[in-house]
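S.K.: Structure below; questions to follow.
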Amino acid sequence: MILYLHFGDPQPEPVYRRLLDMVGEFTPVAQALPPDAALADVSGSTRYFDRDAAGLAALIRMRAAALHGLDVTVGIGPNPLLARLAAHRGEPGAIRTVPDDPEAVTRFLAGLPAAALPGVGPATARTLASYGLRTADRIAATPLLTLQRILGAASGRELRDRAAGIDPTRV
(Lines give C-alpha, C1' and ligand atoms only; values in the text may rest on other atoms or scores of the structure.)
Protein backbone atom coordinates (compact mmCIF):
# COMPACT_ATOMS: atom_id res chain seq x y z
CA MET A 1 0.00 0.00 0.00
CA ILE A 2 1.03 3.55 -0.69
CA LEU A 3 0.81 6.46 1.75
CA TYR A 4 0.46 10.02 0.49
CA LEU A 5 1.53 12.28 3.35
CA HIS A 6 0.47 15.91 3.15
CA PHE A 7 2.27 18.04 5.75
CA GLY A 8 -0.04 21.05 5.41
CA ASP A 9 1.54 24.35 4.53
CA PRO A 10 4.88 24.32 2.70
CA GLN A 11 7.60 23.55 5.21
CA PRO A 12 11.03 25.19 5.54
CA GLU A 13 13.77 23.02 4.02
CA PRO A 14 15.28 21.81 7.35
CA VAL A 15 11.87 20.81 8.73
CA TYR A 16 10.92 19.11 5.46
CA ARG A 17 14.16 17.09 5.49
CA ARG A 18 13.48 15.97 9.08
CA LEU A 19 9.97 14.91 8.04
CA LEU A 20 11.40 12.87 5.17
CA ASP A 21 13.93 11.29 7.55
CA MET A 22 11.06 10.38 9.87
CA VAL A 23 9.18 8.72 6.99
CA GLY A 24 12.42 6.88 6.15
CA GLU A 25 12.32 5.26 9.60
CA PHE A 26 9.21 3.38 8.43
CA THR A 27 10.18 2.53 4.85
CA PRO A 28 13.18 2.98 2.60
CA VAL A 29 10.83 3.41 -0.38
CA ALA A 30 9.84 7.06 -0.14
CA GLN A 31 9.59 9.91 -2.60
CA ALA A 32 9.79 13.59 -1.72
CA LEU A 33 7.11 15.84 -3.19
CA PRO A 34 8.40 19.25 -2.07
CA PRO A 35 7.49 21.49 -0.43
CA ASP A 36 4.63 19.90 1.50
CA ALA A 37 4.14 16.18 0.74
CA ALA A 38 5.74 12.76 0.31
CA LEU A 39 4.84 9.31 -0.98
CA ALA A 40 5.80 6.16 0.90
CA ASP A 41 5.40 2.53 -0.13
CA VAL A 42 4.79 0.64 3.10
CA SER A 43 4.06 -2.74 1.49
CA GLY A 44 7.22 -4.24 2.96
CA SER A 45 6.93 -2.41 6.28
CA THR A 46 3.61 -3.76 7.49
CA ARG A 47 5.03 -7.14 8.43
CA TYR A 48 8.13 -5.66 10.09
CA PHE A 49 6.10 -3.25 12.25
CA ASP A 50 3.22 -5.74 12.69
CA ARG A 51 0.70 -3.06 11.65
CA ASP A 52 -1.41 -2.44 8.60
CA ALA A 53 -0.97 0.68 6.46
CA ALA A 54 -3.47 2.63 8.56
CA GLY A 55 -1.56 1.72 11.72
CA LEU A 56 1.69 2.95 10.20
CA ALA A 57 -0.04 6.14 9.04
CA ALA A 58 -1.28 6.73 12.59
CA LEU A 59 2.28 6.31 13.94
CA ILE A 60 3.66 8.76 11.38
CA ARG A 61 0.92 11.29 12.18
CA MET A 62 1.62 10.94 15.91
CA ARG A 63 5.37 11.44 15.47
CA ALA A 64 4.88 14.45 13.17
CA ALA A 65 2.57 16.02 15.75
CA ALA A 66 4.91 15.30 18.66
CA LEU A 67 8.17 16.30 16.98
CA HIS A 68 7.05 19.08 14.64
CA GLY A 69 3.60 20.17 15.77
CA LEU A 70 2.09 19.18 12.40
CA ASP A 71 -1.31 17.63 11.74
CA VAL A 72 -0.47 15.40 8.78
CA THR A 73 -3.19 14.29 6.36
CA VAL A 74 -2.65 10.76 5.05
CA GLY A 75 -4.21 9.08 2.06
CA ILE A 76 -3.76 5.33 1.71
CA GLY A 77 -4.30 3.51 -1.56
CA PRO A 78 -3.04 0.71 -3.77
CA ASN A 79 -1.24 3.22 -6.01
CA PRO A 80 0.06 6.82 -5.75
CA LEU A 81 -2.92 8.30 -7.63
CA LEU A 82 -5.55 6.82 -5.32
CA ALA A 83 -3.52 7.63 -2.19
CA ARG A 84 -3.22 11.27 -3.28
CA LEU A 85 -6.93 11.53 -4.14
CA ALA A 86 -7.86 9.98 -0.78
CA ALA A 87 -5.73 12.49 1.11
CA HIS A 88 -7.35 15.44 -0.65
CA ARG A 89 -10.91 14.19 -0.33
CA GLY A 90 -12.32 15.60 2.87
CA GLU A 91 -11.09 17.64 5.79
CA PRO A 92 -7.35 17.96 6.50
CA GLY A 93 -5.76 16.13 9.40
CA ALA A 94 -7.19 12.65 8.87
CA ILE A 95 -6.34 9.22 7.54
CA ARG A 96 -8.44 8.10 4.58
CA THR A 97 -8.12 4.72 2.88
CA VAL A 98 -9.09 3.40 -0.53
CA PRO A 99 -9.08 -0.43 -0.29
CA ASP A 100 -7.28 -2.49 -2.92
CA ASP A 101 -10.55 -3.77 -4.36
CA PRO A 102 -11.90 -2.82 -7.80
CA GLU A 103 -15.44 -2.27 -6.51
CA ALA A 104 -14.21 -0.04 -3.67
CA VAL A 105 -12.11 1.98 -6.13
CA THR A 106 -15.14 2.43 -8.39
CA ARG A 107 -17.26 3.60 -5.43
CA PHE A 108 -14.52 5.98 -4.30
CA LEU A 109 -14.18 7.56 -7.74
CA ALA A 110 -17.94 7.82 -8.38
CA GLY A 111 -18.93 11.47 -8.48
CA LEU A 112 -15.34 12.76 -8.22
CA PRO A 113 -15.14 15.93 -10.34
CA ALA A 114 -13.02 15.59 -13.48
CA ALA A 115 -10.94 18.58 -12.35
CA ALA A 116 -9.77 16.58 -9.31
CA LEU A 117 -7.89 14.17 -11.57
CA PRO A 118 -4.20 14.95 -12.18
CA GLY A 119 -3.63 16.48 -15.58
CA VAL A 120 -7.12 17.98 -15.86
CA GLY A 121 -6.80 21.74 -15.77
CA PRO A 122 -9.53 24.31 -16.30
CA ALA A 123 -9.39 24.12 -20.11
CA THR A 124 -9.55 20.33 -20.21
CA ALA A 125 -12.35 20.32 -17.62
CA ARG A 126 -14.36 22.74 -19.79
CA THR A 127 -13.77 20.61 -22.88
CA LEU A 128 -14.85 17.46 -21.06
CA ALA A 129 -17.90 19.21 -19.57
CA SER A 130 -19.00 20.27 -23.06
CA TYR A 131 -19.33 16.53 -23.80
CA GLY A 132 -21.12 15.82 -20.50
CA LEU A 133 -18.01 14.29 -18.91
CA ARG A 134 -17.96 16.06 -15.56
CA THR A 135 -17.07 13.17 -13.23
CA ALA A 136 -14.44 10.44 -13.08
CA ASP A 137 -17.00 7.64 -13.35
CA ARG A 138 -18.47 9.15 -16.54
CA ILE A 139 -14.99 9.49 -18.02
CA ALA A 140 -14.08 5.89 -17.08
CA ALA A 141 -17.28 4.65 -18.76
CA THR A 142 -16.56 6.56 -21.98
CA PRO A 143 -15.13 4.51 -24.85
CA LEU A 144 -11.39 5.03 -25.22
CA LEU A 145 -11.67 6.07 -28.87
CA THR A 146 -14.11 8.82 -27.93
CA LEU A 147 -11.75 10.25 -25.31
CA GLN A 148 -8.87 10.02 -27.75
CA ARG A 149 -10.86 11.98 -30.36
CA ILE A 150 -11.61 14.66 -27.76
CA LEU A 151 -8.16 14.94 -26.13
CA GLY A 152 -5.70 13.18 -28.39
CA ALA A 153 -4.37 9.62 -28.29
CA ALA A 154 -1.98 9.77 -25.32
CA SER A 155 -3.98 12.24 -23.22
CA GLY A 156 -7.22 10.32 -23.77
CA ARG A 157 -5.64 7.02 -22.68
CA GLU A 158 -3.97 8.59 -19.62
CA LEU A 159 -7.17 10.31 -18.51
CA ARG A 160 -9.26 7.18 -18.93
CA ASP A 161 -6.78 5.20 -16.81
CA ARG A 162 -6.73 7.87 -14.10
CA ALA A 163 -10.54 8.07 -14.08
CA ALA A 164 -10.60 4.30 -13.50
CA GLY A 165 -8.02 4.55 -10.67
CA ILE A 166 -5.20 3.01 -12.70
CA ASP A 167 -1.74 4.41 -12.02
CA PRO A 168 1.29 2.37 -13.09
CA THR A 169 3.82 4.74 -11.50
CA ARG A 170 5.91 3.52 -8.61
CA VAL A 171 7.23 5.30 -5.57
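Just remember, in the C-alpha coordinates the first chain shown is A, the second B, etc., residues are 1-based per chain, and ligands are 1-based in the order shown.
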Please identify all polymer residues within 12 Å of Leu151 of chain A, counting only C-alpha atoms, omitting same-chain residues fewer than 5 positions from it, and present them as a ChimeraX atom specification.

M.R.: /A:119-120,123-128,131,139,144-146,156-160

S.K.: Go ahead and write the residues just picked, N, CA and C atoms, as a PDB file, in the first residue's frame.

M.R.:
ATOM      1  N   GLY A 119      -3.710  16.232 -14.155  1.00  0.00           N
ATOM      2  CA  GLY A 119      -3.630  16.484 -15.580  1.00  0.00           C
ATOM      3  C   GLY A 119      -4.861  17.143 -16.171  1.00  0.00           C
ATOM      4  N   VAL A 120      -5.900  17.326 -15.363  1.00  0.00           N
ATOM      5  CA  VAL A 120      -7.115  17.980 -15.856  1.00  0.00           C
ATOM      6  C   VAL A 120      -7.145  19.394 -15.292  1.00  0.00           C
ATOM      7  N   ALA A 123      -9.030  24.241 -18.698  1.00  0.00           N
ATOM      8  CA  ALA A 123      -9.388  24.125 -20.112  1.00  0.00           C
ATOM      9  C   ALA A 123      -9.866  22.713 -20.448  1.00  0.00           C
ATOM     10  N   THR A 124      -9.151  21.714 -19.957  1.00  0.00           N
ATOM     11  CA  THR A 124      -9.554  20.330 -20.210  1.00  0.00           C
ATOM     12  C   THR A 124     -10.884  20.030 -19.535  1.00  0.00           C
ATOM     13  N   ALA A 125     -11.072  20.532 -18.324  1.00  0.00           N
ATOM     14  CA  ALA A 125     -12.347  20.318 -17.621  1.00  0.00           C
ATOM     15  C   ALA A 125     -13.506  20.920 -18.409  1.00  0.00           C
ATOM     16  N   ARG A 126     -13.313  22.116 -18.977  1.00  0.00           N
ATOM     17  CA  ARG A 126     -14.365  22.742 -19.794  1.00  0.00           C
ATOM     18  C   ARG A 126     -14.649  21.910 -21.046  1.00  0.00           C
ATOM     19  N   THR A 127     -13.594  21.435 -21.679  1.00  0.00           N
ATOM     20  CA  THR A 127     -13.772  20.613 -22.877  1.00  0.00           C
ATOM     21  C   THR A 127     -14.547  19.344 -22.539  1.00  0.00           C
ATOM     22  N   LEU A 128     -14.153  18.676 -21.462  1.00  0.00           N
ATOM     23  CA  LEU A 128     -14.852  17.458 -21.056  1.00  0.00           C
ATOM     24  C   LEU A 128     -16.301  17.748 -20.698  1.00  0.00           C
ATOM     25  N   TYR A 131     -18.881  17.843 -23.350  1.00  0.00           N
ATOM     26  CA  TYR A 131     -19.329  16.527 -23.804  1.00  0.00           C
ATOM     27  C   TYR A 131     -20.099  15.778 -22.714  1.00  0.00           C
ATOM     28  N   ILE A 139     -16.158   9.572 -17.147  1.00  0.00           N
ATOM     29  CA  ILE A 139     -14.986   9.487 -18.016  1.00  0.00           C
ATOM     30  C   ILE A 139     -14.538   8.033 -18.157  1.00  0.00           C
ATOM     31  N   LEU A 144     -12.726   4.470 -25.072  1.00  0.00           N
ATOM     32  CA  LEU A 144     -11.392   5.029 -25.219  1.00  0.00           C
ATOM     33  C   LEU A 144     -11.257   5.844 -26.504  1.00  0.00           C
ATOM     34  N   LEU A 145     -11.790   5.345 -27.597  1.00  0.00           N
ATOM     35  CA  LEU A 145     -11.666   6.067 -28.865  1.00  0.00           C
ATOM     36  C   LEU A 145     -12.341   7.435 -28.809  1.00  0.00           C
ATOM     37  N   THR A 146     -13.426   7.540 -28.076  1.00  0.00           N
ATOM     38  CA  THR A 146     -14.110   8.824 -27.930  1.00  0.00           C
ATOM     39  C   THR A 146     -13.226   9.808 -27.178  1.00  0.00           C
ATOM     40  N   GLY A 156      -5.966  11.054 -23.965  1.00  0.00           N
ATOM     41  CA  GLY A 156      -7.216  10.317 -23.773  1.00  0.00           C
ATOM     42  C   GLY A 156      -7.000   9.024 -23.009  1.00  0.00           C
ATOM     43  N   ARG A 157      -5.947   8.295 -23.360  1.00  0.00           N
ATOM     44  CA  ARG A 157      -5.637   7.024 -22.685  1.00  0.00           C
ATOM     45  C   ARG A 157      -5.255   7.275 -21.218  1.00  0.00           C
ATOM     46  N   GLU A 158      -4.396   8.280 -20.990  1.00  0.00           N
ATOM     47  CA  GLU A 158      -3.975   8.590 -19.618  1.00  0.00           C
ATOM     48  C   GLU A 158      -5.163   9.003 -18.752  1.00  0.00           C
ATOM     49  N   LEU A 159      -6.024   9.849 -19.286  1.00  0.00           N
ATOM     50  CA  LEU A 159      -7.170  10.313 -18.510  1.00  0.00           C
ATOM     51  C   LEU A 159      -8.130   9.167 -18.207  1.00  0.00           C
ATOM     52  N   ARG A 160      -8.354   8.303 -19.169  1.00  0.00           N
ATOM     53  CA  ARG A 160      -9.263   7.179 -18.925  1.00  0.00           C
ATOM     54  C   ARG A 160      -8.706   6.273 -17.822  1.00  0.00           C
TER      55      ARG A 160
END

S.K.: Please provide the set of residues having any atom within 12 Å of Leu112 of chain A, restricted to only C-alpha atoms, with same-chain residues fewer than 5 positions apart removed, written as a PyMOL selection string.

M.R.: chain A and resi 82+85-86+88-90+105-107+117+133-140+162-165

S.K.: Give me a file of those residues, with N, CA, C and O atoms, as a PDB file, in the first residue's frame.

M.R.:
ATOM      1  N   LEU A  82      -4.432   6.983  -6.246  1.00  0.00           N
ATOM      2  CA  LEU A  82      -5.547   6.815  -5.315  1.00  0.00           C
ATOM      3  C   LEU A  82      -5.191   7.300  -3.911  1.00  0.00           C
ATOM      4  O   LEU A  82      -6.038   7.859  -3.208  1.00  0.00           O
ATOM      5  N   LEU A  85      -5.524  11.129  -4.083  1.00  0.00           N
ATOM      6  CA  LEU A  85      -6.927  11.528  -4.141  1.00  0.00           C
ATOM      7  C   LEU A  85      -7.607  11.326  -2.787  1.00  0.00           C
ATOM      8  O   LEU A  85      -8.417  12.150  -2.361  1.00  0.00           O
ATOM      9  N   ALA A  86      -7.276  10.238  -2.100  1.00  0.00           N
ATOM     10  CA  ALA A  86      -7.865   9.984  -0.782  1.00  0.00           C
ATOM     11  C   ALA A  86      -7.463  11.061   0.208  1.00  0.00           C
ATOM     12  O   ALA A  86      -8.292  11.538   0.996  1.00  0.00           O
ATOM     13  N   HIS A  88      -6.738  14.146  -0.345  1.00  0.00           N
ATOM     14  CA  HIS A  88      -7.346  15.443  -0.649  1.00  0.00           C
ATOM     15  C   HIS A  88      -8.867  15.421  -0.625  1.00  0.00           C
ATOM     16  O   HIS A  88      -9.497  16.447  -0.855  1.00  0.00           O
ATOM     17  N   ARG A  89      -9.449  14.288  -0.340  1.00  0.00           N
ATOM     18  CA  ARG A  89     -10.909  14.189  -0.334  1.00  0.00           C
ATOM     19  C   ARG A  89     -11.414  14.261   1.101  1.00  0.00           C
ATOM     20  O   ARG A  89     -11.415  13.283   1.824  1.00  0.00           O
ATOM     21  N   GLY A  90     -11.821  15.424   1.508  1.00  0.00           N
ATOM     22  CA  GLY A  90     -12.323  15.605   2.866  1.00  0.00           C
ATOM     23  C   GLY A  90     -11.485  16.608   3.633  1.00  0.00           C
ATOM     24  O   GLY A  90     -10.628  17.288   3.084  1.00  0.00           O
ATOM     25  N   VAL A 105     -12.709   0.897  -5.330  1.00  0.00           N
ATOM     26  CA  VAL A 105     -12.114   1.977  -6.125  1.00  0.00           C
ATOM     27  C   VAL A 105     -13.188   2.657  -6.960  1.00  0.00           C
ATOM     28  O   VAL A 105     -13.260   3.887  -7.029  1.00  0.00           O
ATOM     29  N   THR A 106     -14.055   1.868  -7.575  1.00  0.00           N
ATOM     30  CA  THR A 106     -15.141   2.427  -8.386  1.00  0.00           C
ATOM     31  C   THR A 106     -16.056   3.294  -7.528  1.00  0.00           C
ATOM     32  O   THR A 106     -16.442   4.397  -7.930  1.00  0.00           O
ATOM     33  N   ARG A 107     -16.409   2.816  -6.338  1.00  0.00           N
ATOM     34  CA  ARG A 107     -17.262   3.595  -5.430  1.00  0.00           C
ATOM     35  C   ARG A 107     -16.570   4.887  -5.003  1.00  0.00           C
ATOM     36  O   ARG A 107     -17.188   5.940  -4.925  1.00  0.00           O
ATOM     37  N   LEU A 117      -8.841  15.123 -11.023  1.00  0.00           N
ATOM     38  CA  LEU A 117      -7.886  14.166 -11.565  1.00  0.00           C
ATOM     39  C   LEU A 117      -6.619  14.891 -12.007  1.00  0.00           C
ATOM     40  O   LEU A 117      -6.696  15.974 -12.597  1.00  0.00           O
ATOM     41  N   LEU A 133     -18.944  15.103 -19.699  1.00  0.00           N
ATOM     42  CA  LEU A 133     -18.014  14.287 -18.908  1.00  0.00           C
ATOM     43  C   LEU A 133     -17.496  15.113 -17.740  1.00  0.00           C
ATOM     44  O   LEU A 133     -16.384  15.630 -17.767  1.00  0.00           O
ATOM     45  N   ARG A 134     -18.305  15.213 -16.709  1.00  0.00           N
ATOM     46  CA  ARG A 134     -17.962  16.059 -15.562  1.00  0.00           C
ATOM     47  C   ARG A 134     -17.384  15.291 -14.377  1.00  0.00           C
ATOM     48  O   ARG A 134     -16.840  15.893 -13.469  1.00  0.00           O
ATOM     49  N   THR A 135     -17.536  13.964 -14.366  1.00  0.00           N
ATOM     50  CA  THR A 135     -17.074  13.166 -13.227  1.00  0.00           C
ATOM     51  C   THR A 135     -16.180  12.020 -13.698  1.00  0.00           C
ATOM     52  O   THR A 135     -16.243  11.601 -14.854  1.00  0.00           O
ATOM     53  N   ALA A 136     -15.372  11.521 -12.770  1.00  0.00           N
ATOM     54  CA  ALA A 136     -14.437  10.440 -13.081  1.00  0.00           C
ATOM     55  C   ALA A 136     -15.165   9.194 -13.559  1.00  0.00           C
ATOM     56  O   ALA A 136     -14.705   8.537 -14.502  1.00  0.00           O
ATOM     57  N   ASP A 137     -16.295   8.855 -12.938  1.00  0.00           N
ATOM     58  CA  ASP A 137     -16.996   7.642 -13.349  1.00  0.00           C
ATOM     59  C   ASP A 137     -17.557   7.759 -14.768  1.00  0.00           C
ATOM     60  O   ASP A 137     -17.553   6.788 -15.526  1.00  0.00           O
ATOM     61  N   ARG A 138     -17.993   8.953 -15.155  1.00  0.00           N
ATOM     62  CA  ARG A 138     -18.475   9.150 -16.538  1.00  0.00           C
ATOM     63  C   ARG A 138     -17.314   9.031 -17.523  1.00  0.00           C
ATOM     64  O   ARG A 138     -17.454   8.461 -18.599  1.00  0.00           O
ATOM     65  N   ILE A 139     -16.158   9.572 -17.147  1.00  0.00           N
ATOM     66  CA  ILE A 139     -14.986   9.487 -18.016  1.00  0.00           C
ATOM     67  C   ILE A 139     -14.538   8.033 -18.157  1.00  0.00           C
ATOM     68  O   ILE A 139     -14.245   7.565 -19.256  1.00  0.00           O
ATOM     69  N   ALA A 140     -14.510   7.294 -17.050  1.00  0.00           N
ATOM     70  CA  ALA A 140     -14.082   5.893 -17.078  1.00  0.00           C
ATOM     71  C   ALA A 140     -15.023   5.043 -17.925  1.00  0.00           C
ATOM     72  O   ALA A 140     -14.592   4.059 -18.540  1.00  0.00           O
ATOM     73  N   ARG A 162      -6.629   7.160 -15.376  1.00  0.00           N
ATOM     74  CA  ARG A 162      -6.735   7.873 -14.102  1.00  0.00           C
ATOM     75  C   ARG A 162      -8.174   7.872 -13.586  1.00  0.00           C
ATOM     76  O   ARG A 162      -8.408   7.723 -12.392  1.00  0.00           O
ATOM     77  N   ALA A 163      -9.124   8.052 -14.481  1.00  0.00           N
ATOM     78  CA  ALA A 163     -10.537   8.069 -14.076  1.00  0.00           C
ATOM     79  C   ALA A 163     -10.986   6.704 -13.566  1.00  0.00           C
ATOM     80  O   ALA A 163     -11.941   6.614 -12.785  1.00  0.00           O
ATOM     81  N   ALA A 164     -10.288   5.646 -13.978  1.00  0.00           N
ATOM     82  CA  ALA A 164     -10.595   4.297 -13.499  1.00  0.00           C
ATOM     83  C   ALA A 164      -9.740   3.908 -12.297  1.00  0.00           C
ATOM     84  O   ALA A 164      -9.852   2.794 -11.773  1.00  0.00           O
ATOM     85  N   GLY A 165      -8.873   4.833 -11.832  1.00  0.00           N
ATOM     86  CA  GLY A 165      -8.024   4.552 -10.671  1.00  0.00           C
ATOM     87  C   GLY A 165      -6.777   3.778 -11.007  1.00  0.00           C
ATOM     88  O   GLY A 165      -6.131   3.207 -10.127  1.00  0.00           O
TER      89      GLY A 165
END

S.K.: Set the distance at 12 Å and use only C-alpha atoms: which residues neighbour Leu33 of chain A once local chain neighbours fewer than 2 positions away are removed? I'd like the list as a VMD selection string.

M.R.: chain A and resid 4 to 7 10 to 11 16 to 17 19 to 20 30 to 31 35 to 40 80 84 171

S.K.: Separation of atom CA of Pro92 of chain A and atom CA of Gly8 of chain A, in Å?

M.R.: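 These two atoms are separated by 8.0 Å.
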